[in-house]
Amino acid sequence: MIVVATIALAMGASVYVAERPLNTGPGPAISAFDRLLAAKLPDAAGKLQPIEQWRGKVLVVNFWATWCPPCREETPILSRLQTKHASNGVQIVGIALDTADNVAQYAAIHPTSYPLFTGDANATNLSRLLGNTQLALPYTVVFNRDGVTEMNRLGRFSEAELDSLLEKIVRR
């Protein structure tokens, strides 16, 4: 019983720390969104890509894996929505908590209209920082152009729901 309580307390503490802005010493705290933009993740070709390149866009970040059935169901939805909303300043990115080989094989069979990245322990931590305290998949976060979280969702979403939210954000 003591072991369970200790683990629960440690997990609660890590969740608390993960959801606070990060303080790196003197100067302002760094928000989870700024940590996201500071990330560089390998794309399908293995080249590191800065998330910063999408600053100022409506950013949809989808954490997923090839072995996750609901994640695979969302891939074509996200692809359709990227195509539909790209001209309105929406960028969807998929961060796979999976191996590069698995993602490459999946992308070869199921091409997407948005970039897929392979994550490692840093991507897992990023998912946690963005509110995925259970570290379950799929997990999606939608940020407006100012980096404010408009939605975070653990589990699958409907196409109509995400489409409606994106339309609302881009009209502002």
# chains A, B, ... in the order shown; residues from 1 in each chain; ligands from 1

call {"tool": "select_by_dssp", "arguments": {"residues": "stretch 1-171 of chain A", "states": "strand (DSSP E)", "output": "PyMOL selection string"}}
result
chain A and resi 40-42+48-50+58-64+90-96+116-118+139-143+149-154

call {"tool": "write_last_selection", "arguments": {"atoms": "C-alpha atoms", "output": "mmCIF file, in the first residue's frame"}}
result
data_model
loop_
_atom_site.group_PDB
_atom_site.id
_atom_site.type_symbol
_atom_site.label_atom_id
_atom_site.label_comp_id
_atom_site.auth_asym_id
_atom_site.auth_seq_id
_atom_site.Cartn_x
_atom_site.Cartn_y
_atom_site.Cartn_z
ATOM 1 C CA LYS A 40 13.107 19.788 -33.517
ATOM 2 C CA LEU A 41 11.863 16.380 -34.573
ATOM 3 C CA PRO A 42 12.954 13.998 -37.333
ATOM 4 C CA LEU A 48 15.323 17.399 -38.038
ATOM 5 C CA GLN A 49 12.508 19.874 -38.590
ATOM 6 C CA PRO A 50 11.827 22.804 -36.253
ATOM 7 C CA VAL A 58 -3.369 27.504 -36.149
ATOM 8 C CA LEU A 59 -1.448 24.424 -35.059
ATOM 9 C CA VAL A 60 -2.980 20.990 -34.566
ATOM 10 C CA VAL A 61 -0.566 18.589 -32.872
ATOM 11 C CA ASN A 62 -1.562 14.944 -32.955
ATOM 12 C CA PHE A 63 0.426 12.427 -30.882
ATOM 13 C CA TRP A 64 -0.134 8.970 -32.315
ATOM 14 C CA VAL A 90 -3.894 25.765 -40.372
ATOM 15 C CA GLN A 91 -1.008 23.332 -39.953
ATOM 16 C CA ILE A 92 -1.458 19.791 -38.677
ATOM 17 C CA VAL A 93 1.564 17.836 -37.482
ATOM 18 C CA GLY A 94 1.659 14.207 -36.432
ATOM 19 C CA ILE A 95 4.172 13.216 -33.791
ATOM 20 C CA ALA A 96 4.482 9.447 -33.661
ATOM 21 C CA LEU A 116 4.706 13.061 -39.753
ATOM 22 C CA PHE A 117 7.509 13.133 -37.220
ATOM 23 C CA THR A 118 9.037 10.421 -35.109
ATOM 24 C CA TYR A 139 -3.751 12.828 -27.971
ATOM 25 C CA THR A 140 -4.472 16.027 -29.876
ATOM 26 C CA VAL A 141 -3.903 19.669 -28.985
ATOM 27 C CA VAL A 142 -5.182 22.607 -31.037
ATOM 28 C CA PHE A 143 -3.514 26.008 -30.625
ATOM 29 C CA THR A 149 -4.839 26.081 -26.369
ATOM 30 C CA GLU A 150 -8.290 25.834 -27.947
ATOM 31 C CA MET A 151 -8.735 22.089 -27.399
ATOM 32 C CA ASN A 152 -6.888 19.137 -26.001
ATOM 33 C CA ARG A 153 -8.344 15.703 -26.424
ATOM 34 C CA LEU A 154 -7.291 12.322 -25.191
#

call {"tool": "atom_distance", "arguments": {"atom1": "atom CA of A:Lys57", "atom2": "atom CA of A:Gly89"}}
result
5.2 Å

call {"tool": "atom_distance", "arguments": {"atom1": "atom CA of A:Gly147", "atom2": "atom CA of A:Arg171"}}
result
16.1 Å

call {"tool": "atom_distance", "arguments": {"atom1": "atom CA of A:Lys168", "atom2": "atom CA of A:Arg145"}}
result
12.4 Å

call {"tool": "closest_residue", "arguments": {"among": "A:Ala136, A:Arg128, A:Ser113, A:Gly155", "to": "A:Lys84", "atoms": "only C-alpha atoms"}}
result
A:Ser113
